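Dropping run-v9.csv in here (CSV, C-alpha atoms):
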```csv
chain,number,residue,atom,x,y,z
A,170,MET,CA,29.7,67.5,19.5
A,171,LYS,CA,26.8,65.8,21.2
A,172,ARG,CA,26.8,62.2,22.4
A,173,VAL,CA,23.8,59.9,21.7
A,174,LEU,CA,23.2,56.4,23.1
A,175,ILE,CA,20.7,54.3,21.2
A,176,VAL,CA,19.5,51.5,23.5
A,177,GLY,CA,18.2,48.5,21.6
A,178,ALA,CA,20.2,49.4,18.4
A,179,GLY,CA,20.1,45.9,16.9
A,180,GLY,CA,17.5,44.7,14.5
A,181,PHE,CA,15.3,46.4,12.0
A,182,LEU,CA,14.4,49.8,13.5
A,183,GLY,CA,17.7,50.1,15.4
A,184,SER,CA,19.7,49.9,12.2
A,185,HIS,CA,17.8,52.8,10.7
A,186,LEU,CA,18.3,54.8,13.9
A,187,LEU,CA,22.0,54.2,13.7
A,188,GLU,CA,22.1,55.1,10.0
A,189,LYS,CA,20.4,58.4,10.6
A,190,ALA,CA,22.6,59.1,13.7
A,191,VAL,CA,25.9,58.6,11.9
A,192,SER,CA,24.8,60.8,9.1
A,193,ILE,CA,24.7,63.8,11.5
A,194,PRO,CA,28.3,65.2,11.7
A,195,GLU,CA,27.8,66.7,15.1
A,196,LEU,CA,26.9,63.4,16.8
A,197,GLU,CA,29.1,60.8,18.6
A,198,VAL,CA,27.1,57.6,18.3
A,199,TYR,CA,26.9,54.7,20.8
A,200,ALA,CA,24.9,51.6,20.3
A,201,GLY,CA,23.6,49.8,23.4
A,202,ILE,CA,23.1,46.1,22.6
A,203,ARG,CA,23.2,42.7,24.1
A,204,GLU,CA,26.3,40.6,23.7
A,205,SER,CA,24.3,38.2,21.4
A,206,THR,CA,22.9,41.0,19.2
A,207,SER,CA,23.9,40.8,15.5
A,208,THR,CA,25.6,43.8,14.1
A,209,GLN,CA,25.2,42.8,10.4
A,210,TRP,CA,23.1,46.0,9.7
A,211,PHE,CA,25.3,48.4,11.6
A,212,PRO,CA,26.9,51.2,9.6
A,213,GLU,CA,30.5,50.4,8.6
A,214,LYS,CA,31.9,53.4,10.5
A,215,GLY,CA,30.9,55.8,13.2
A,216,VAL,CA,29.2,53.5,15.8
A,217,ILE,CA,30.7,52.6,19.2
A,218,PRO,CA,29.0,49.4,20.4
A,219,LEU,CA,28.3,49.0,24.1
A,220,HIS,CA,27.4,45.5,25.4
A,221,PHE,CA,24.8,45.5,28.2
A,222,ASP,CA,23.3,42.7,30.2
A,223,PHE,CA,20.0,44.5,30.6
A,224,GLU,CA,18.8,41.9,33.1
A,225,ASP,CA,21.6,42.8,35.5
A,226,ALA,CA,21.4,46.2,37.2
A,227,ALA,CA,25.0,46.0,38.3
A,228,ASP,CA,26.2,45.4,34.7
A,229,VAL,CA,24.0,48.3,33.4
A,230,GLU,CA,25.7,50.5,35.9
A,231,ARG,CA,29.1,49.2,35.1
A,232,VAL,CA,28.7,50.0,31.4
A,233,LEU,CA,27.1,53.4,31.9
A,234,THR,CA,29.7,54.6,34.4
A,235,GLY,CA,32.7,52.9,32.8
A,236,THR,CA,32.3,54.2,29.2
A,237,LEU,CA,32.6,57.9,29.5
A,238,PRO,CA,35.0,60.0,31.6
A,239,GLU,CA,34.0,60.5,35.2
A,240,GLY,CA,31.3,63.2,35.6
A,241,GLU,CA,30.3,63.1,31.9
A,242,ARG,CA,27.1,61.7,30.3
A,243,TRP,CA,25.2,61.2,27.1
A,244,ASP,CA,23.4,64.3,25.8
A,245,TRP,CA,20.6,62.2,24.3
A,246,ILE,CA,19.4,58.6,24.9
A,247,VAL,CA,17.0,56.9,22.4
A,248,TYR,CA,15.4,53.9,24.1
A,249,ASN,CA,14.3,51.4,21.5
A,250,LEU,CA,14.7,48.2,23.6
A,251,GLY,CA,11.5,46.2,23.7
A,252,ALA,CA,9.5,43.2,22.5
A,253,THR,CA,6.5,43.0,20.2
A,254,LYS,CA,5.9,39.3,20.6
A,255,CYS,CA,6.7,37.0,23.5
A,256,LEU,CA,6.4,33.3,24.5
A,257,ARG,CA,4.7,34.3,27.8
A,258,TYR,CA,2.5,37.3,28.3
A,259,LYS,CA,4.3,38.3,31.5
A,260,ASP,CA,7.5,38.7,29.4
A,261,PHE,CA,5.9,41.8,27.9
A,262,ASP,CA,5.9,43.5,31.3
A,263,HIS,CA,9.4,42.3,32.0
A,264,ILE,CA,11.0,43.4,28.8
A,265,ASN,CA,9.0,46.5,28.0
A,266,HIS,CA,8.7,47.8,31.6
A,267,ASP,CA,11.0,46.2,34.1
A,268,LEU,CA,14.2,46.5,32.0
A,269,LEU,CA,13.3,50.2,31.3
A,270,ARG,CA,12.9,50.7,35.1
A,271,THR,CA,16.3,49.2,35.8
A,272,PHE,CA,17.9,51.4,33.2
A,273,VAL,CA,16.1,54.6,34.3
A,274,GLU,CA,16.8,54.0,38.0
A,275,THR,CA,20.5,53.4,37.2
A,276,LEU,CA,20.7,56.7,35.3
A,277,GLU,CA,19.2,58.5,38.3
A,278,ARG,CA,21.5,56.7,40.8
A,279,THR,CA,24.6,57.5,38.8
A,280,SER,CA,23.6,61.1,38.0
A,281,MET,CA,23.8,60.2,34.3
A,282,MET,CA,20.3,61.3,33.2
A,283,PRO,CA,20.6,62.8,29.7
A,284,GLU,CA,19.4,66.2,28.5
A,285,LYS,CA,16.6,64.3,26.6
A,286,PHE,CA,15.4,60.7,26.7
A,287,LEU,CA,13.3,59.6,23.7
A,288,TYR,CA,11.2,56.5,24.2
A,289,ILE,CA,9.9,54.5,21.3
A,290,SER,CA,6.3,53.5,22.3
A,291,SER,CA,3.4,52.3,20.2
A,292,LEU,CA,-0.1,53.5,19.2
A,293,SER,CA,-1.2,50.2,20.8
A,294,ALA,CA,-0.8,51.9,24.1
A,295,MET,CA,-4.0,53.7,23.3
A,296,GLY,CA,-6.2,50.6,22.9
A,297,PRO,CA,-9.0,50.3,20.4
A,298,GLY,CA,-9.9,53.3,18.3
A,299,ARG,CA,-13.5,54.6,17.7
A,300,ASP,CA,-14.7,52.6,14.7
A,301,ARG,CA,-18.1,54.2,14.3
A,302,ASP,CA,-16.7,57.5,13.0
A,303,TYR,CA,-13.0,56.6,12.7
A,304,THR,CA,-11.9,59.5,14.8
A,305,PRO,CA,-8.1,59.7,14.7
A,306,PHE,CA,-6.1,59.1,17.9
A,307,SER,CA,-4.9,62.3,19.6
A,308,GLU,CA,-2.4,62.6,22.4
A,309,THR,CA,-5.2,64.0,24.7
A,310,MET,CA,-7.3,60.9,24.6
A,311,ILE,CA,-7.3,58.6,27.6
A,312,PRO,CA,-5.3,55.3,26.9
A,313,GLN,CA,-7.3,52.1,27.3
A,314,PRO,CA,-5.0,49.3,26.0
A,315,ASN,CA,-6.7,46.0,25.2
A,316,THR,CA,-3.6,44.0,24.6
A,317,ARG,CA,-0.8,42.8,26.9
A,318,TYR,CA,1.7,44.5,24.5
A,319,GLY,CA,-0.1,47.8,24.6
A,320,ALA,CA,-0.5,47.7,28.3
A,321,SER,CA,3.2,47.1,28.8
A,322,LYS,CA,4.1,50.1,26.6
A,323,LEU,CA,1.6,52.3,28.5
A,324,LYS,CA,3.2,51.1,31.8
A,325,ALA,CA,6.6,52.1,30.4
A,326,GLU,CA,5.3,55.6,29.5
A,327,MET,CA,3.9,56.0,33.0
A,328,LEU,CA,7.2,55.0,34.5
A,329,LEU,CA,9.0,57.7,32.6
A,330,GLN,CA,6.4,60.3,33.8
A,331,MET,CA,6.7,59.2,37.4
A,332,HIS,CA,10.5,59.5,37.5
A,333,SER,CA,12.7,62.5,36.9
A,334,VAL,CA,13.1,61.7,33.2
A,335,PRO,CA,13.3,64.5,30.5
A,336,TYR,CA,11.2,62.2,28.3
A,337,ILE,CA,9.9,62.5,24.7
A,338,ILE,CA,7.5,59.7,23.9
A,339,PHE,CA,6.8,58.6,20.3
A,340,ARG,CA,3.6,56.5,19.9
A,341,CYS,CA,4.4,55.0,16.6
A,342,THR,CA,1.9,53.3,14.2
A,343,GLY,CA,2.9,50.3,12.0
A,344,ILE,CA,6.6,50.6,11.2
A,345,TYR,CA,7.8,49.1,7.9
A,346,GLY,CA,10.8,49.4,5.6
A,347,PRO,CA,13.9,47.5,4.4
A,348,ARG,CA,15.0,44.7,6.8
A,349,ASP,CA,11.6,44.4,8.4
A,350,LYS,CA,10.4,40.8,8.7
A,351,ASP,CA,6.7,41.1,9.7
A,352,TYR,CA,5.5,43.2,6.8
A,353,PHE,CA,7.7,41.2,4.5
A,354,LEU,CA,5.5,38.1,5.2
A,355,MET,CA,2.5,40.1,4.0
A,356,LEU,CA,4.3,41.3,0.9
A,357,ASP,CA,5.5,37.8,0.1
A,358,ALA,CA,2.0,36.4,0.4
A,359,MET,CA,0.9,39.0,-2.2
A,360,ARG,CA,3.8,38.0,-4.4
A,361,LYS,CA,2.3,34.5,-4.3
A,362,GLY,CA,-1.1,35.9,-5.2
A,363,PHE,CA,-3.0,36.2,-1.9
A,364,ASP,CA,-3.9,39.1,0.3
A,365,PHE,CA,-5.1,37.9,3.7
A,366,SER,CA,-7.1,40.4,5.8
A,367,VAL,CA,-9.2,40.1,9.0
A,368,GLY,CA,-12.9,40.8,9.3
A,369,PHE,CA,-15.4,42.3,6.8
A,370,ARG,CA,-15.9,45.8,8.2
A,371,LYS,CA,-13.9,48.7,6.8
A,372,GLN,CA,-10.4,49.0,8.3
A,373,LEU,CA,-8.2,52.1,8.1
A,374,LEU,CA,-4.5,51.6,8.6
A,375,THR,CA,-1.6,54.0,9.1
A,376,PHE,CA,2.1,53.5,8.5
A,377,ILE,CA,5.5,55.1,9.1
A,378,TYR,CA,8.5,54.3,6.9
A,379,ALA,CA,11.4,53.4,9.2
A,380,PRO,CA,13.9,56.0,7.8
A,381,ASP,CA,11.2,58.7,8.2
A,382,LEU,CA,10.8,57.6,11.8
A,383,ALA,CA,14.5,57.7,12.4
A,384,SER,CA,14.7,61.3,11.0
A,385,ALA,CA,11.7,62.3,13.2
A,386,VAL,CA,13.6,61.0,16.3
A,387,PHE,CA,16.5,63.3,15.8
A,388,ASP,CA,14.4,66.2,14.7
A,389,ALA,CA,12.5,65.9,18.0
A,390,LEU,CA,15.8,65.6,20.0
A,391,MET,CA,17.0,68.8,18.4
A,392,LYS,CA,13.8,70.8,18.5
A,393,SER,CA,11.2,69.4,20.8
A,394,PRO,CA,10.8,70.4,24.5
A,395,VAL,CA,10.8,67.5,27.0
A,396,LYS,CA,7.9,65.9,28.7
A,397,GLU,CA,5.9,65.6,25.5
A,398,ILE,CA,4.1,62.7,23.8
A,399,TYR,CA,3.6,62.5,20.0
A,400,ASN,CA,1.7,60.3,17.6
A,401,ILE,CA,4.0,59.4,14.7
A,402,ALA,CA,2.6,58.2,11.4
A,403,GLU,CA,2.2,59.3,7.8
A,404,SER,CA,-0.6,61.9,7.8
A,405,ARG,CA,-3.1,59.9,5.9
A,406,ALA,CA,-4.7,56.5,6.4
A,407,TYR,CA,-5.1,53.6,3.9
A,408,SER,CA,-7.5,50.8,3.3
A,409,GLN,CA,-6.4,47.3,2.8
A,410,ALA,CA,-7.4,47.5,-0.9
A,411,GLU,CA,-5.2,50.5,-1.4
A,412,PHE,CA,-2.3,48.7,0.2
A,413,ARG,CA,-2.9,45.7,-2.0
A,414,ARG,CA,-3.1,47.7,-5.2
A,415,ILE,CA,0.3,49.4,-4.4
A,416,VAL,CA,2.0,46.1,-3.8
A,417,ALA,CA,0.5,44.4,-6.8
A,418,ALA,CA,1.6,47.2,-9.1
A,419,LYS,CA,5.1,47.1,-7.8
A,420,LEU,CA,5.3,43.3,-8.1
A,421,GLY,CA,3.8,43.3,-11.5
A,422,LYS,CA,0.9,41.1,-10.4
A,423,ARG,CA,-2.3,41.4,-12.5
A,424,LEU,CA,-4.3,39.7,-9.8
A,425,VAL,CA,-3.9,39.4,-6.1
A,426,LEU,CA,-6.8,37.6,-4.6
A,427,PRO,CA,-8.2,39.3,-1.5
A,428,VAL,CA,-8.9,36.7,1.2
A,429,LYS,CA,-11.0,38.0,4.1
A,430,VAL,CA,-10.8,35.8,7.1
A,431,PRO,CA,-13.7,36.0,9.6
A,432,LEU,CA,-12.8,37.2,13.1
A,433,TRP,CA,-13.8,33.9,14.7
A,434,ALA,CA,-11.5,32.0,12.3
A,435,THR,CA,-8.6,34.4,12.9
A,436,ARG,CA,-9.0,33.9,16.6
A,437,VAL,CA,-8.7,30.1,16.1
A,438,VAL,CA,-5.6,30.5,13.9
A,439,CYS,CA,-3.9,32.9,16.3
A,440,GLY,CA,-4.6,30.5,19.2
A,441,VAL,CA,-3.2,27.5,17.4
A,442,ALA,CA,-0.2,29.5,16.2
A,443,GLU,CA,0.5,30.6,19.7
A,444,LYS,CA,0.5,27.1,21.1
A,445,ILE,CA,2.8,25.9,18.3
A,446,GLY,CA,5.2,28.7,19.1
A,447,VAL,CA,5.2,27.7,22.8
A,448,ALA,CA,5.9,24.1,21.8
A,449,ARG,CA,8.8,25.1,19.6
A,450,GLY,CA,10.1,27.6,22.2
A,451,LYS,CA,9.8,30.5,19.6
A,452,PRO,CA,7.3,33.4,19.8
A,453,SER,CA,4.8,33.3,16.9
A,454,THR,CA,3.9,36.3,14.8
A,455,LEU,CA,0.3,35.3,15.2
A,456,ASN,CA,-1.0,34.9,18.8
A,457,THR,CA,-4.1,35.8,20.8
A,458,ASP,CA,-2.7,39.2,21.8
A,459,LYS,CA,-2.0,40.0,18.1
A,460,PHE,CA,-5.5,39.0,17.3
A,461,ASN,CA,-6.8,42.1,19.2
A,462,ILE,CA,-4.5,44.3,17.2
A,463,MET,CA,-5.5,42.7,13.9
A,464,LYS,CA,-9.2,43.0,14.5
A,465,GLN,CA,-9.0,46.7,15.3
A,466,ARG,CA,-10.7,48.8,12.6
A,467,ASN,CA,-9.4,52.3,13.3
A,468,TRP,CA,-5.7,53.0,13.3
A,469,CYS,CA,-6.0,56.7,12.2
A,470,ALA,CA,-3.6,59.0,14.0
A,471,ASP,CA,-3.7,62.8,14.4
A,472,THR,CA,-0.1,64.0,14.0
A,473,ARG,CA,-0.7,67.7,14.1
A,474,LYS,CA,1.1,68.1,17.5
A,475,ALA,CA,4.3,66.7,16.1
A,476,ARG,CA,4.1,68.9,13.1
A,477,GLU,CA,3.6,72.0,15.2
A,478,MET,CA,6.2,71.2,17.9
A,479,PHE,CA,9.1,70.1,15.8
A,480,GLY,CA,8.1,70.2,12.1
A,481,PHE,CA,7.3,66.5,11.6
A,482,GLU,CA,5.8,65.5,8.3
A,483,ALA,CA,6.5,62.0,7.0
A,484,PRO,CA,8.0,62.7,3.5
A,485,THR,CA,7.6,59.2,2.2
A,486,THR,CA,4.2,58.0,1.0
A,487,LEU,CA,3.2,54.4,1.5
A,488,ARG,CA,3.6,53.8,-2.3
A,489,GLU,CA,7.2,55.1,-2.2
A,490,GLY,CA,8.1,53.3,1.0
A,491,LEU,CA,6.7,50.0,-0.2
A,492,GLU,CA,8.5,50.3,-3.6
A,493,ARG,CA,11.8,51.0,-1.9
A,494,SER,CA,11.2,48.1,0.6
A,495,ILE,CA,10.4,45.6,-2.2
A,496,ASP,CA,13.5,46.7,-4.1
A,497,TRP,CA,15.6,46.0,-1.0
A,498,TYR,CA,14.0,42.6,-0.4
A,499,ARG,CA,14.7,41.7,-4.0
A,500,ALA,CA,18.3,43.0,-3.9
A,501,GLU,CA,19.0,41.0,-0.7
A,502,GLY,CA,17.4,37.8,-2.1
A,503,TRP,CA,14.5,37.8,0.3
A,504,MET,CA,12.0,38.0,-2.6
A,505,LYS,CA,12.2,37.0,-6.2
```
Show the structure stored in the file as structure tokens.
Amino acid sequence: MKRVLIVGAGGFLGSHLLEKAVSIPELEVYAGIRESTSTQWFPEKGVIPLHFDFEDAADVERVLTGTLPEGERWDWIVYNLGATKCLRYKDFDHINHDLLRTFVETLERTSMMPEKFLYISSLSAMGPGRDRDYTPFSETMIPQPNTRYGASKLKAEMLLQMHSVPYIIFRCTGIYGPRDKDYFLMLDAMRKGFDFSVGFRKQLLTFIYAPDLASAVFDALMKSPVKEIYNIAESRAYSQAEFRRIVAAKLGKRLVLPVKVPLWATRVVCGVAEKIGVARGKPSTLNTDKFNIMKQRNWCADTRKAREMFGFEAPTTLREGLERSIDWYRAEGWMK
């Protein structure tokens, strides 16, 4: 038996990581979550929840050292704790970098560093792609993040590299699937007959279906050497028009009207939405940081390294993944 601790196991992606983990007979699965985290999407059996106050280094140490017998440790740790939207930009650094530093330093101090530590990062750590020739991102390119979110993920990656961490870093593209709320908003808008996109120049998008990402995590933990960084995405890119046609066909919509919003107008909307979110005390999906992500034209990713190093190949096409996601949204009453 191997022990795996999934840190940040609540929410959309965490639920898929747990589902994959409990399906592997040789794994003893622990879920690192906050006390306030909902467990509604946890598997019914096979998960041992651990409640952390990630803001408190002493509590992190208490949970880590008090859970296992003295002298033992987790074989693998999957670190999925992070934020994709925040009320204040400095919170990106705090949640995505500072909390990771506390966790890593506690592992070092208590001699509980695992055999492998897999960190869920983002393709946004790379910054804007080349939109003249749409060259795919490769792991050898120099990161130049242009968002606070991307910069915080890159800082987290650099932290792992500077410490004695046996890291594997996944730079993931857009993650979608059952239980996701962000892509659901886009799908629901198409159900109502509208497809909103940003800018008029060609945009190429890449995606990864959440269950495929979860499978890739455990394939890498089993097969990949440490101190490696991988791009994780379906092997092909899609245009917005292709995305729209797939969704329209599944929803039975004869017409979904494409609405292209100019960049200047998108910037204004994101700025207003951000201020409304601050006033309400709730982070907005649209904000000025997200604007830089939305306006990016090239999200192509070269995934050959992951294929060569641990056999990664996303088995689910965008069409299949969206159809399964829509079926789930309908079954759960999110969508008519």
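Summary of the local environment: counting only C-alpha atoms, residues at most 12 Å from Glu230 (chain A), other than itself and those fewer than 6 positions away along its chain, are His220, Phe221, Asp222, Phe223, Glu224, Thr236, Leu237, Thr271, Phe272, Val273, Glu274, Thr275, Leu276, Glu277, Arg278, Thr279, Ser280 and Met281 of chain A.
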Could you please determine the separation between CA of Arg488 (chain A) and CA of Ser307 (chain A) in Å, to one decimal place? 25.0 Å
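Residue nearest Lys285 (chain A) within the list A:Leu426, A:Ala389, A:Leu196, A:Leu432: A:Ala389 [criterion: smallest interatomic distance, all atoms listed in the file].
For the residues A:Ala470, A:Lys259, A:Pro283, A:His266, ranking by smallest atom-to-atom distance to Leu174 (chain A) using all atoms listed in the file places A:Pro283 first.
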Residue with the minimum atom-to-atom distance to Ala385 (chain A), picked from A:Ala418, A:Leu219, A:Leu323, A:Ala475 with all atoms listed in the file counted, is A:Ala475
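Interatomic distance, CA of Arg466 (chain A) to CA of Cys341 (chain A): 16.8 Å.
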Taking the point (7.9, 45.0, 8.2) as given in the file, collect each protein or nucleic acid residue that comes within 10 Å of it, counting all atoms listed in the file, and present the set as a PyMOL selection string. chain A and resi 181-182+343-356+378-379+491+494
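Relative to CA of Ile289 (chain A), CA of Ala226 (chain A) is found at 21.3 Å.
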Residues near Lys444 (chain A), anyone? I mean within 12 Å using all atoms listed in the file, not counting same-chain ones fewer than 3 positions away, as a PyMOL selection string. chain A and resi 255-257+437-441+447-457
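Proximity ranking of A:Ile415, A:Phe479, A:Met282, A:Leu186 relative to Thr234 (chain A) places A:Met282 first, based on all atoms listed in the file.
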Leu390 (chain A) surroundings by only C-alpha atoms, 10 Å radius, close-in-sequence under 4 positions cut, as a list in words: Val173, Asp244, Trp245, Ile246, Val247, Glu284, Lys285, Phe286, Leu287, Ile337, Ala385, Val386, Pro394, Val395 and Phe479 of chain A
Hey, can you pull every residue with an atom no more than 9 Å from (20.0, 45.9, 19.3), using only C-alpha atoms, and send it as a list in words? Ile175, Val176, Gly177, Ala178, Gly179, Gly180, Phe181, Leu182, Gly183, Ser184, Ala200, Gly201, Ile202, Arg203, Thr206, Ser207, Thr208, Asn249 and Leu250 of chain A
Selected residue of minimal separation from Tyr258 (chain A) among A:Arg231, A:Arg360, A:Arg299, A:Lys459, counting all atoms listed in the file: A:Lys459
Compile the contact shell of Lys429 (chain A) as an mmCIF file with C-alpha atoms, keeping the file's coordinate frame: residues with an atom at most 12 Å away, counting only C-alpha atoms, same-chain residues fewer than 3 positions apart removed.
```
data_model
loop_
_atom_site.group_PDB
_atom_site.id
_atom_site.type_symbol
_atom_site.label_atom_id
_atom_site.label_comp_id
_atom_site.auth_asym_id
_atom_site.auth_seq_id
_atom_site.Cartn_x
_atom_site.Cartn_y
_atom_site.Cartn_z
ATOM 1 C CA PHE A 363 -3.000 36.200 -1.900
ATOM 2 C CA ASP A 364 -3.900 39.100 0.300
ATOM 3 C CA PHE A 365 -5.100 37.900 3.700
ATOM 4 C CA SER A 366 -7.100 40.400 5.800
ATOM 5 C CA VAL A 367 -9.200 40.100 9.000
ATOM 6 C CA GLY A 368 -12.900 40.800 9.300
ATOM 7 C CA PHE A 369 -15.400 42.300 6.800
ATOM 8 C CA ARG A 370 -15.900 45.800 8.200
ATOM 9 C CA LYS A 371 -13.900 48.700 6.800
ATOM 10 C CA GLN A 372 -10.400 49.000 8.300
ATOM 11 C CA GLN A 409 -6.400 47.300 2.800
ATOM 12 C CA ALA A 410 -7.400 47.500 -0.900
ATOM 13 C CA LEU A 426 -6.800 37.600 -4.600
ATOM 14 C CA LEU A 432 -12.800 37.200 13.100
ATOM 15 C CA TRP A 433 -13.800 33.900 14.700
ATOM 16 C CA ALA A 434 -11.500 32.000 12.300
ATOM 17 C CA THR A 435 -8.600 34.400 12.900
ATOM 18 C CA LYS A 464 -9.200 43.000 14.500
#
```
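Remark: for Arg414 (chain A), the closest of the candidate residues A:Ser291, A:Lys214, A:Val334, A:Met359 is A:Met359 (distances computed over all atoms listed in the file).
Once Trp503 (chain A) and its same-chain neighbours fewer than 3 positions away are set aside, Arg348, Lys350, Phe353, Asp357, Ile495, Asp496, Trp497, Tyr498, Arg499 and Ala500 of chain A remain within 10 Å of it when counting all atoms listed in the file.
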